[in-house]
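Everything below concerns the one structure shown next.
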Number of protein chains: 2
Amino acid sequence: MLTNSRLAYHSHDHKRCVSAALTRAKTLCDDSDARLTPIREAVLRTIWASHRPLGAYDIVDQMALNAASGKRILAPTVYRSIEFLLAQGLIHRIATLNAYIGCPFPGSHHSDFFLICRECGSAAECSADQLNIAVEQTAKRANFKVESQVIEIAGLCPECQHENQQGGLK
Amino acid sequence: MLTNSRLAYHSHDHKRCVSAALTRAKTLCDDSDARLTPIREAVLRTIWASHRPLGAYDIVDQMALNAASGKRILAPTVYRSIEFLLAQGLIHRIATLNAYIGCPFPGSHHSDFFLICRECGSAAECSADQLNIAVEQTAKRANFKVESQVIEIAGLCPECQHENQQGGLK
DNA sequence: CTAATAATGCTATAGAATAACATTATATTT
DNA sequence: AAATATAATGTTATTCTATAGCATTATTAG
């Protein structure tokens with residue numbers, strides 16, 4: 001099973017996640033003649049600020065804060081960057097949250113799903129053959145031809161399960 | 001595998017789907033002391049007009065048409081009915097479409113998923129142990145505690161695959 | 001019958017996403 | 001380098017989805 005759940009839910013040197021994501025993004029865009037402009041890169045960096053899916057307007061606000069000097073990047077521009085990053089496979093949309101999250105392993109073709117913690121908000125991306133096979137087989141039994149799939153699982157991540165136990169009834 | 005895919009994708013006597021859904025709804029609401037008011041029933045009937053997920057504002061429009069005489073039912077009222085019907089398990093929300101669809105087998109506890117045809121818009125609900133087990137096991141490997149899941153699969157239903165073949169390159 | 005609770009009506013607004021068109025930047029061709 | 005085409009961004013307005021807040025009406029409980 002391919003997953004970034006270790007990183008997503010536990011404290012770690014997140015700067016490495018960000019720099020790795022940006023490096024991969026540059027490489028992939030170079031290879032496919034896609035233009036990772038400064039704005040697009042800034043949007044990607046903003047999304048990668050954490051492992052929590054981020055709403056489009058949160059991105060707008062964050063970018064305004066970070067570039068406190070210049071002019072605001074407005075919603076349509078952010079949405080265009082999102083569209084670009086989605087097309088490149090550098091980010092994913094979380095339908096149940098209307099939010100966006102960085103893809104930890106772009107480039108590798110994968111049918112992915114997300115484990116989203118309702119407590120801390122962090123989401124891990126996973127790819128499991130077993131699940132993809134189950135999807136294919138059940139669809140096949142209905143003679144349905146699968147083209148895309150959205151699998152979003154909500155619950156408690158390891159850390160937040162632990163904290164809930166410690167916290168008792170609170 | 002529990003599914004209504006036969007009905008959802010193929011022509012059938014849909015009036016029976018509607019009356020069955022309404023009968024079940026009344027029974028379930030009676031049993032749980034939930035009040036299936038005329039408006040709520042009308043919303044449920046509107047959603048059951050087809051096997052295609054229906055947007056909240058489409059419901060608003062349809063209800064205005066049907067009750068052409070009296071006064072319009074406005075969005076907040078429709079959303080309240082939706083909230084009620086979701087709570088009773090009589091309908092489901094399709095996150096990828098921001099739309100709502102009748103549950104063909106309410107009352108039975110089931111972790112369900114949807115096969116949504118991008119061509120005709122019809123969606124079948126399915127419940128497959130194999131898929132639920134796969135979800136549980138993959139989540140377990142990440143030490144993630146599952147509470148709810150959204151699985152929405154898009155593609156082509158049997159009918160629309162067939163039509164595409166017949167239509168050739170068009 | 002009255003008080004309490006639930007449901008609906010109604011207005012406004014929040015939140016997510018895109019349309020349409022102007023402007024600027026980048027790439028391509030000559 | 002200049003001219004042209006293409007891509008990206010700026011800007012304003014709007015559409016679509018969903019809910020907040022409060023008034024009114026209906027239903028239930030005592």
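How things are named: the first chain in the structure tokens is A, the next is B, and so on; residues count from 1 in each chain; ligands count from 1 in the order shown.
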
Checklist entry - For chain C against chain A, which residues fall within 10 Å using only C-alpha atoms (C1' of nucleotides), given as a PyMOL selection string? => result chain C and resi 15-18

Let me see the file: selected residues, C-alpha atoms (C1' of nucleotides), as a compact mmCIF listing (two decimals), in the first residue's frame.
```txt
# COMPACT_ATOMS: atom_id res chain seq x y z
C1' DG C 15 -19.27 30.15 0.67
C1' DA C 16 -17.65 27.88 -3.70
C1' DA C 17 -16.87 28.40 -8.48
C1' DT C 18 -16.95 30.43 -13.04
```

Next on the checklist: Using only C-alpha atoms (C1' of nucleotides), which protein or nucleic acid residues come within 12 Å of DA14 in chain C? Drop anything in the same chain fewer than 6 positions from it, and give the result as a ChimeraX atom specification.
Outcome noted: /D:17-20

Next on the checklist: Quick check: residues of chain A within 10 Å of chain B, only C-alpha atoms, returned as JSON, numbers by chain.
Outcome noted: {"A": [1, 3, 4, 5, 6, 9, 94, 95, 96, 97, 98, 113, 114, 115, 116, 117, 118, 124, 126, 127, 128, 129, 130, 131, 132, 133, 134, 135, 136, 137, 138, 139, 140, 141, 142, 143, 144, 145, 146, 147, 148, 149, 150, 151, 152, 153, 154, 155, 156, 157, 158, 159, 160, 161]}

Taking a cut-off of 10 Å and counting only C-alpha atoms (C1' of nucleotides), can you build a table that, for each residue of chain D near chain A, reports the nearest atom pair and how far apart they are in Å (one decimal), sorted by chain then residue number, as JSON lines?
```
{"residue": "D:DA7", "atom": "C1'", "partner": "A:Arg35", "partner_atom": "CA", "distance": 9.6}
{"residue": "D:DA8", "atom": "C1'", "partner": "A:Thr37", "partner_atom": "CA", "distance": 8.7}
{"residue": "D:DT9", "atom": "C1'", "partner": "A:Thr77", "partner_atom": "CA", "distance": 6.8}
{"residue": "D:DG10", "atom": "C1'", "partner": "A:Thr77", "partner_atom": "CA", "distance": 8.3}
{"residue": "D:DT11", "atom": "C1'", "partner": "A:Leu74", "partner_atom": "CA", "distance": 8.9}
```

Item to check | Polymer residues at most 7 Å from Leu90 in chain A, only C-alpha atoms (C1' of nucleotides), same-chain spacing of 5 or more positions, as a list in words | outcome: Ala25, Leu85, Gly102, Cys103 and Pro106 of chain A

Item to check | Per-residue DSSP, range 61-130 of chain B, filtered to strand (DSSP E or B), as a PyMOL selection string | outcome: chain B and resi 91-94+99-102+113-117+123-127

Next on the checklist: Going by DSSP on the backbone, which residues of chain A come out as alpha helix (DSSP H)? List them as number ranges by chain.
Outcome noted: A: 5-9, 14-31, 38-47, 56-66, 75-87, 129-141, 158-167

Next on the checklist: Quick one: residues within 12 Å of Arg16 in chain B, only C-alpha atoms (C1' of nucleotides), excluding same-chain residues fewer than 3 positions away - as a PyMOL selection string?
Outcome noted: chain B and resi 7+12-13+19-24+48-50+104

Next on the checklist: Residues within 9 Å of DT8 in chain C, please, as a PyMOL selection string. Count only C-alpha atoms (C1' of nucleotides); anything in the same chain fewer than 4 positions from it doesn't count.
Outcome noted: (chain B and resi 77) or (chain D and resi 24-26)
